[in-house]
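Novice: This structure is in structure tokens; I'll ask about it shortly.
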Protein chains: 2
Amino acid sequence: MNIILASTSTLHGGNYLEYLDAEIKELFQNIDEILFIPFARPGGISHEDYTSKAADYFSKINIKVKGLHEFEDKTEAVNKAKAYFTGGGNTFLLVKTLHELGLMTILKYNIEGGKPYLGTSAGSNIAGINMKTTNDMPIVYPSSFNCMELVPFNLNPHYLDANPDLKHNGETRETRIKEFLTQNETKVIGLREGNWIRRKNNTITVEGSQNTRIFEFGKEPYEIESGVEL
Amino acid sequence: MNIILASTSTLHGGNYLEYLDAEIKELFQNIDEILFIPFARPGGISHEDYTSKAADYFSKINIKVKGLHEFEDKTEAVNKAKAYFTGGGNTFLLVKTLHELGLMTILKYNIEGGKPYLGTSAGSNIAGINMKTTNDMPIVYPSSFNCMELVPFNLNPHYLDANPDLKHNGETRETRIKEFLTQNETKVIGLREGNWIRRKNNTITVEGSQNTRIFEFGKEPYEIESGVEL
């Protein structure tokens with residue numbers, strides 16, 4: 001496998017995908033066209049505009065982008081594509097759509113077969129075992145929470161440390177993930193913005209500018225540095 | 001109907017349910033025992049400890065508390081109870097458990113028949129049409145997102161305004177609810193901490209110390225003051 005799962009598409013004050021420039025060039029070397037999966041986007045911009053945004057970025061590195069929504073036969077489009085990018089938005093909507101279209105498994109097989117995959121945010125969540133550690137609001141009801149399991153754990157993108165100044169009783173991200181671990185024994189990677197997971201064949205590392213917080217069943221959460229194998 | 005749906009159980013710096021003292025006394029007047037539904041609690045404290053916490057509060061106003069987890073025949077326990085309180089925690093876990101036990105509809109019928117109901121946080125979410133506007137993490141997969149529909153809208157408890165200082169790309173609460181409205185036409189009440197919804201027969205008002213933010217399909221969000229009818 002050859003995949004990048006990024007916490008976010010855009011760093012605060014930066015441009016779309018900019019901080020991943022070098023990584024994306026390496027991931028998609030010798031690829032001249034990728035298939036963009038825009039289905040996480042629930043509004044704000046259309047699937048077309050969202051695809052254009054991705055295409056704008058990739059045009060700078062001479063890669064064409066086609067949006068999966070453009071194809072009538074979406075299964076064939078996934079099977080014929082050379083590489084994939086799934087953008088962020090709402091994970092419930094993305095997972096519901098992929099299951100409805102029967103594409104979750106087809107995408108998984110193609111990526112497991114070696115085609116490069118880039119995910120950001122919701123697009124990274126679907127590479128985990130299931131979507132039970134998303135931060136998103138359950139605006140639609142998917143037929144299943146199961147995802148592609150391209151890595152042997154779950155992700156929590158946009159991982160955020162508790163803010164002690166906040167006078168608010170909503171749960172912290174850490175509390176939520178610990179609650180997940182009362183009901184599941186699945187390892188969770190708390191991926192701070194600026195970080196991404198890199199899988200090349202069987203080697204899985206965490207990369208980027210921040211430490212990464214790991215949550216495992218029956219253990220205290222702990223931090224690992226960039227470059228460490230997962 | 002005779003219900004209170006509170007955003008939170010505890011205000012910052014306050015004690016459990018304290019800010020609702022006067023309202024709770026009025027809601028449960030002439031009631032000497034209530035049934036506590038502890039099923040939202042995914043960890044941290046047991047169902048027993050959670051029930052004790054509620055019982056401690058209610059002992060001060062001479063109301064006994066029994067936990068629903070104590071009863072072998074939970075349907076009978078709900079049908080025989082005089083009034084209810086559902087505490088907060090994880091809405092997915094609460095909804096999954098109530099559907100599994102077949103209690104969502106039974107509870108609904110009893111409350112619609114006039115028995116007083118108090119909900120806080122997740123306990124308030126389940127009084128809405130469905131749980132699609134919860135803030136909680138989907139740590140378990142419920143058989144349905146449908147809830148009791150004791151009010152003709154959805155709730156977003158712990159409603160939080162955007163923090164412009166936060167250098168983080170996670171969606172704001174307002175963005176999330178607007179995303180919900182791209183997929184659903186259901187009205188959403190953004191209930192800030194310190195506020196609650198009061199339904200007495202057919203009159204539904206929003207009460208408390210803050211304004212309340214309302215989201216409707218095809219409209220800009222707007223604010224209403226405490227005391228206004230919904």
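Chain identifiers are assigned as A, B, and so on, following the order in which chains appear in the structure tokens; residues are numbered from 1 within each chain, and ligands are numbered from 1 in order of appearance.
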Give me the residues near A:Gly218 as a short mmCIF file (atom, residue, chain, number, x, y, z; two decimals) with C-alpha atoms, in the first residue's frame, where near means some atom within 10 Å (using only C-alpha atoms) and where sequence neighbours in that chain fewer than 2 positions away do not count.

Specialist:
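Final output, saved to selection_26.cif:
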data_model
loop_
_atom_site.label_atom_id
_atom_site.label_comp_id
_atom_site.auth_asym_id
_atom_site.auth_seq_id
_atom_site.Cartn_x
_atom_site.Cartn_y
_atom_site.Cartn_z
CA LYS A 178 -11.62 7.36 26.34
CA LEU A 181 -12.47 2.75 24.59
CA THR A 182 -15.09 1.77 27.19
CA GLU A 185 -10.80 -2.21 22.10
CA PHE A 215 -5.09 5.85 22.90
CA GLU A 216 -5.12 2.12 23.59
CA GLU A 220 -2.99 5.64 29.73
CA PRO A 221 -2.81 7.77 26.56
#

Novice: Just need the residues of chain A within 6 Å of chain B, counting only C-alpha atoms, so spit them out as an MDAnalysis selection string.

Specialist: chainID A and resid 12 42 132 138:139 167 179:180

Novice: Can you check which parts of stretch 34-61 of chain B lie within 8 Å of stretch 66-75 of chain B? Per residue, the shortest pair of atoms and distance in Å to one decimal, counting only C-alpha atoms, sorted by chain and number, as JSON lines.

Specialist:
{"residue": "B:Ile34", "atom": "CA", "partner": "B:Lys66", "partner_atom": "CA", "distance": 6.5}
{"residue": "B:Leu35", "atom": "CA", "partner": "B:Lys66", "partner_atom": "CA", "distance": 5.1}
{"residue": "B:Phe36", "atom": "CA", "partner": "B:Gly67", "partner_atom": "CA", "distance": 4.7}
{"residue": "B:Ile37", "atom": "CA", "partner": "B:Leu68", "partner_atom": "CA", "distance": 5.4}
{"residue": "B:Pro38", "atom": "CA", "partner": "B:Gly67", "partner_atom": "CA", "distance": 6.9}
{"residue": "B:Phe39", "atom": "CA", "partner": "B:His69", "partner_atom": "CA", "distance": 7.9}
{"residue": "B:His47", "atom": "CA", "partner": "B:His69", "partner_atom": "CA", "distance": 7.0}
{"residue": "B:Glu48", "atom": "CA", "partner": "B:Gly67", "partner_atom": "CA", "distance": 7.3}
{"residue": "B:Thr51", "atom": "CA", "partner": "B:Gly67", "partner_atom": "CA", "distance": 5.6}
{"residue": "B:Ala55", "atom": "CA", "partner": "B:Lys66", "partner_atom": "CA", "distance": 7.9}

Novice: Kindly save the residues from that selection, with C-alpha atoms included, as an mmCIF file, in the first residue's frame.

Specialist:
data_model
loop_
_atom_site.group_PDB
_atom_site.id
_atom_site.type_symbol
_atom_site.label_atom_id
_atom_site.label_comp_id
_atom_site.auth_asym_id
_atom_site.auth_seq_id
_atom_site.Cartn_x
_atom_site.Cartn_y
_atom_site.Cartn_z
ATOM 1 C CA ILE B 34 -38.497 9.373 40.093
ATOM 2 C CA LEU B 35 -36.904 6.849 37.779
ATOM 3 C CA PHE B 36 -33.358 7.764 36.724
ATOM 4 C CA ILE B 37 -32.107 6.563 33.324
ATOM 5 C CA PRO B 38 -28.300 6.272 33.566
ATOM 6 C CA PHE B 39 -27.639 4.592 30.205
ATOM 7 C CA HIS B 47 -24.713 3.213 36.542
ATOM 8 C CA GLU B 48 -24.953 2.811 40.319
ATOM 9 C CA THR B 51 -27.746 7.091 40.081
ATOM 10 C CA ALA B 55 -30.199 10.645 44.309
#

Novice: Residues near B:Pro116, anyone? I mean within 8 Å using only C-alpha atoms, not counting same-chain ones fewer than 3 positions away, as a PyMOL selection string.

Specialist: chain B and resi 1-3+27-28+82-84+111

Novice: Suppose we keep C-alpha atoms; can you now write the selection as a compact mmCIF listing (two decimals), in the first residue's frame?

Specialist:
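The resulting file, selection_13.txt, is shown below:
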# COMPACT_ATOMS: atom_id res chain seq x y z
CA MET B 1 -46.82 17.13 28.64
CA ASN B 2 -44.68 18.45 31.45
CA ILE B 3 -40.98 18.46 30.57
CA LEU B 27 -41.69 20.11 37.55
CA PHE B 28 -41.76 17.35 40.16
CA LYS B 82 -44.28 8.47 38.26
CA ALA B 83 -41.66 10.67 36.65
CA TYR B 84 -38.28 10.45 34.85
CA ILE B 111 -44.33 11.19 28.99

Novice: Taking 2 positions as the minimum chain separation for residues in the same chain, which residues sit within 6 Å of A:Phe85 when counting only C-alpha atoms? Answer as an mmCIF file with N, CA and C atoms, in the first residue's frame.

Specialist:
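Resulting contents of part.cif:
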data_model
loop_
_atom_site.group_PDB
_atom_site.id
_atom_site.type_symbol
_atom_site.label_atom_id
_atom_site.label_comp_id
_atom_site.auth_asym_id
_atom_site.auth_seq_id
_atom_site.Cartn_x
_atom_site.Cartn_y
_atom_site.Cartn_z
ATOM 1 N N PHE A 36 -10.897 12.176 -7.716
ATOM 2 C CA PHE A 36 -11.230 12.890 -6.484
ATOM 3 C C PHE A 36 -12.618 12.463 -6.012
ATOM 4 N N TYR A 117 -3.224 6.499 -2.404
ATOM 5 C CA TYR A 117 -4.411 7.122 -1.811
ATOM 6 C C TYR A 117 -3.997 8.265 -0.903
ATOM 7 N N LEU A 118 -4.661 9.405 -1.087
ATOM 8 C CA LEU A 118 -4.522 10.546 -0.177
ATOM 9 C C LEU A 118 -5.872 10.822 0.452
ATOM 10 N N GLY A 119 -5.894 10.914 1.764
ATOM 11 C CA GLY A 119 -7.117 11.320 2.473
ATOM 12 C C GLY A 119 -6.812 12.500 3.361
#

Novice: Quick one: residues within 12 Å of B:Gly102, only C-alpha atoms, excluding same-chain residues fewer than 2 positions away - as a PDB file with N, CA and C atoms, in the first residue's frame?

Specialist:
ATOM      1  N   ASP B  73     -37.243  -6.238  34.887  1.00  0.00           N
ATOM      2  CA  ASP B  73     -38.259  -5.912  33.869  1.00  0.00           C
ATOM      3  C   ASP B  73     -38.290  -4.383  33.690  1.00  0.00           C
ATOM      4  N   LYS B  74     -37.521  -3.928  32.722  1.00  0.00           N
ATOM      5  CA  LYS B  74     -37.352  -2.477  32.564  1.00  0.00           C
ATOM      6  C   LYS B  74     -38.601  -1.820  31.944  1.00  0.00           C
ATOM      7  N   THR B  75     -39.311  -2.560  31.131  1.00  0.00           N
ATOM      8  CA  THR B  75     -40.559  -2.026  30.553  1.00  0.00           C
ATOM      9  C   THR B  75     -41.555  -1.729  31.671  1.00  0.00           C
ATOM     10  N   GLU B  76     -41.693  -2.686  32.578  1.00  0.00           N
ATOM     11  CA  GLU B  76     -42.597  -2.504  33.710  1.00  0.00           C
ATOM     12  C   GLU B  76     -42.144  -1.332  34.584  1.00  0.00           C
ATOM     13  N   VAL B  78     -40.526   1.336  33.698  1.00  0.00           N
ATOM     14  CA  VAL B  78     -40.868   2.604  33.037  1.00  0.00           C
ATOM     15  C   VAL B  78     -42.373   2.861  33.149  1.00  0.00           C
ATOM     16  N   VAL B  95     -29.126   6.142  23.037  1.00  0.00           N
ATOM     17  CA  VAL B  95     -30.135   5.804  22.023  1.00  0.00           C
ATOM     18  C   VAL B  95     -30.047   4.319  21.656  1.00  0.00           C
ATOM     19  N   LYS B  96     -28.826   3.820  21.497  1.00  0.00           N
ATOM     20  CA  LYS B  96     -28.645   2.387  21.194  1.00  0.00           C
ATOM     21  C   LYS B  96     -29.288   1.532  22.290  1.00  0.00           C
ATOM     22  N   THR B  97     -29.008   1.863  23.537  1.00  0.00           N
ATOM     23  CA  THR B  97     -29.513   1.074  24.662  1.00  0.00           C
ATOM     24  C   THR B  97     -31.041   1.141  24.728  1.00  0.00           C
ATOM     25  N   LEU B  98     -31.603   2.330  24.585  1.00  0.00           N
ATOM     26  CA  LEU B  98     -33.066   2.465  24.663  1.00  0.00           C
ATOM     27  C   LEU B  98     -33.753   1.700  23.528  1.00  0.00           C
ATOM     28  N   HIS B  99     -33.180   1.760  22.316  1.00  0.00           N
ATOM     29  CA  HIS B  99     -33.782   0.997  21.209  1.00  0.00           C
ATOM     30  C   HIS B  99     -33.636  -0.511  21.445  1.00  0.00           C
ATOM     31  N   GLU B 100     -32.465  -0.941  21.897  1.00  0.00           N
ATOM     32  CA  GLU B 100     -32.241  -2.380  22.144  1.00  0.00           C
ATOM     33  C   GLU B 100     -33.225  -2.928  23.169  1.00  0.00           C
ATOM     34  N   MET B 104     -37.608   3.226  23.953  1.00  0.00           N
ATOM     35  CA  MET B 104     -37.762   4.590  23.434  1.00  0.00           C
ATOM     36  C   MET B 104     -39.247   4.948  23.311  1.00  0.00           C
ATOM     37  N   THR B 105     -40.014   4.027  22.728  1.00  0.00           N
ATOM     38  CA  THR B 105     -41.436   4.301  22.495  1.00  0.00           C
ATOM     39  C   THR B 105     -42.239   4.247  23.794  1.00  0.00           C
ATOM     40  N   ILE B 106     -41.870   3.313  24.662  1.00  0.00           N
ATOM     41  CA  ILE B 106     -42.600   3.168  25.935  1.00  0.00           C
ATOM     42  C   ILE B 106     -42.421   4.408  26.802  1.00  0.00           C
ATOM     43  N   LEU B 107     -41.212   4.917  26.831  1.00  0.00           N
ATOM     44  CA  LEU B 107     -40.929   6.145  27.582  1.00  0.00           C
ATOM     45  C   LEU B 107     -41.724   7.298  26.977  1.00  0.00           C
ATOM     46  N   LYS B 108     -41.686   7.392  25.651  1.00  0.00           N
ATOM     47  CA  LYS B 108     -42.412   8.448  24.940  1.00  0.00           C
ATOM     48  C   LYS B 108     -43.905   8.451  25.318  1.00  0.00           C
ATOM     49  N   SER B 143     -29.393   1.185  16.336  1.00  0.00           N
ATOM     50  CA  SER B 143     -30.219   0.596  15.270  1.00  0.00           C
ATOM     51  C   SER B 143     -31.031   1.671  14.550  1.00  0.00           C
ATOM     52  N   SER B 144     -31.138   2.846  15.129  1.00  0.00           N
ATOM     53  CA  SER B 144     -31.847   3.971  14.510  1.00  0.00           C
ATOM     54  C   SER B 144     -31.413   5.243  15.238  1.00  0.00           C
ATOM     55  N   CYS B 147     -35.677   9.472  17.833  1.00  0.00           N
ATOM     56  CA  CYS B 147     -35.852   9.695  19.272  1.00  0.00           C
ATOM     57  C   CYS B 147     -37.332   9.862  19.611  1.00  0.00           C
TER      58      CYS B 147
END

Novice: Nearest residue to A:Leu150 out of A:Ile61, A:Ile214, A:Ala127, A:Leu20, using only C-alpha atoms?

Specialist: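 Using only C-alpha atoms, A:Leu150 sits closest to A:Ala127.
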
Novice: If you measure from atom CA of B:Asp49 to atom CA of B:Lys80, what distance in Å do you get, rounded to one decimal?

Specialist: 23.0 Å

Novice: Return as a PyMOL selection string the full set of residues in stretch 36-172 of chain A whose backbone-based DSSP assignment is alpha helix (DSSP H).

Specialist: chain A and resi 47-59+74-80+91-100+103-112+122-125

Novice: Just the strand (DSSP E) stuff from stretch 2-87 of chain B, please, per backbone DSSP, written as a list in words.

Specialist: Asn2, Ile3, Ile4, Leu5, Ala6, Glu33, Ile34, Leu35, Phe36, Ile37, Lys64, Val65, Lys66, Gly67, Tyr84, Phe85 and Thr86 of chain B

Novice: Write to file, as a short mmCIF file (atom, residue, chain, number, x, y, z; two decimals), in the first residue's frame, the residues of the selection just made, with N, CA and C atoms.

Specialist:
data_model
loop_
_atom_site.label_atom_id
_atom_site.label_comp_id
_atom_site.auth_asym_id
_atom_site.auth_seq_id
_atom_site.Cartn_x
_atom_site.Cartn_y
_atom_site.Cartn_z
N ASN B 2 -45.27 17.66 30.38
CA ASN B 2 -44.68 18.45 31.45
C ASN B 2 -43.18 18.12 31.49
N ILE B 3 -42.38 18.85 30.72
CA ILE B 3 -40.98 18.46 30.57
C ILE B 3 -40.01 19.65 30.61
N ILE B 4 -38.81 19.33 31.07
CA ILE B 4 -37.68 20.26 31.02
C ILE B 4 -36.54 19.58 30.28
N LEU B 5 -36.00 20.28 29.30
CA LEU B 5 -34.86 19.76 28.54
C LEU B 5 -33.72 20.76 28.69
N ALA B 6 -32.74 20.41 29.50
CA ALA B 6 -31.67 21.36 29.83
C ALA B 6 -30.43 21.09 28.98
N GLU B 33 -41.04 10.06 44.06
CA GLU B 33 -40.02 9.14 43.56
C GLU B 33 -39.90 9.28 42.04
N ILE B 34 -38.69 9.32 41.55
CA ILE B 34 -38.50 9.37 40.09
C ILE B 34 -37.60 8.22 39.65
N LEU B 35 -37.74 7.89 38.37
CA LEU B 35 -36.90 6.85 37.78
C LEU B 35 -35.76 7.53 37.03
N PHE B 36 -34.54 7.17 37.37
CA PHE B 36 -33.36 7.76 36.72
C PHE B 36 -32.86 6.81 35.63
N ILE B 37 -32.59 7.36 34.46
CA ILE B 37 -32.11 6.56 33.32
C ILE B 37 -30.63 6.89 33.12
N LYS B 64 -37.21 10.47 46.17
CA LYS B 64 -36.39 9.27 46.05
C LYS B 64 -36.04 9.02 44.58
N VAL B 65 -34.89 8.38 44.35
CA VAL B 65 -34.46 8.10 42.98
C VAL B 65 -34.15 6.61 42.84
N LYS B 66 -34.76 5.98 41.85
CA LYS B 66 -34.36 4.59 41.54
C LYS B 66 -33.72 4.57 40.16
N GLY B 67 -32.70 3.77 40.00
CA GLY B 67 -32.01 3.67 38.70
C GLY B 67 -32.67 2.59 37.85
N TYR B 84 -39.57 10.93 35.41
CA TYR B 84 -38.28 10.45 34.85
C TYR B 84 -37.23 11.54 34.84
N PHE B 85 -35.99 11.09 34.96
CA PHE B 85 -34.84 11.96 34.72
C PHE B 85 -33.80 11.16 33.94
N THR B 86 -33.41 11.67 32.77
CA THR B 86 -32.33 11.03 32.00
C THR B 86 -31.11 11.94 32.02
#

Novice: Give me, please, the distance in Å between atom CA of B:Asn156 and atom CA of B:Ser124, quoted to one decimal.

Specialist: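 Atom CA of B:Asn156 sits 8.8 Å away from atom CA of B:Ser124.
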
Novice: Which residues are close to B:Gly208, i.e. within 7 Å by only C-alpha atoms, leaving aside same-chain residues fewer than 4 positions away? Reply as a VMD selection string.

Specialist: chain B and resid 194 to 196 226
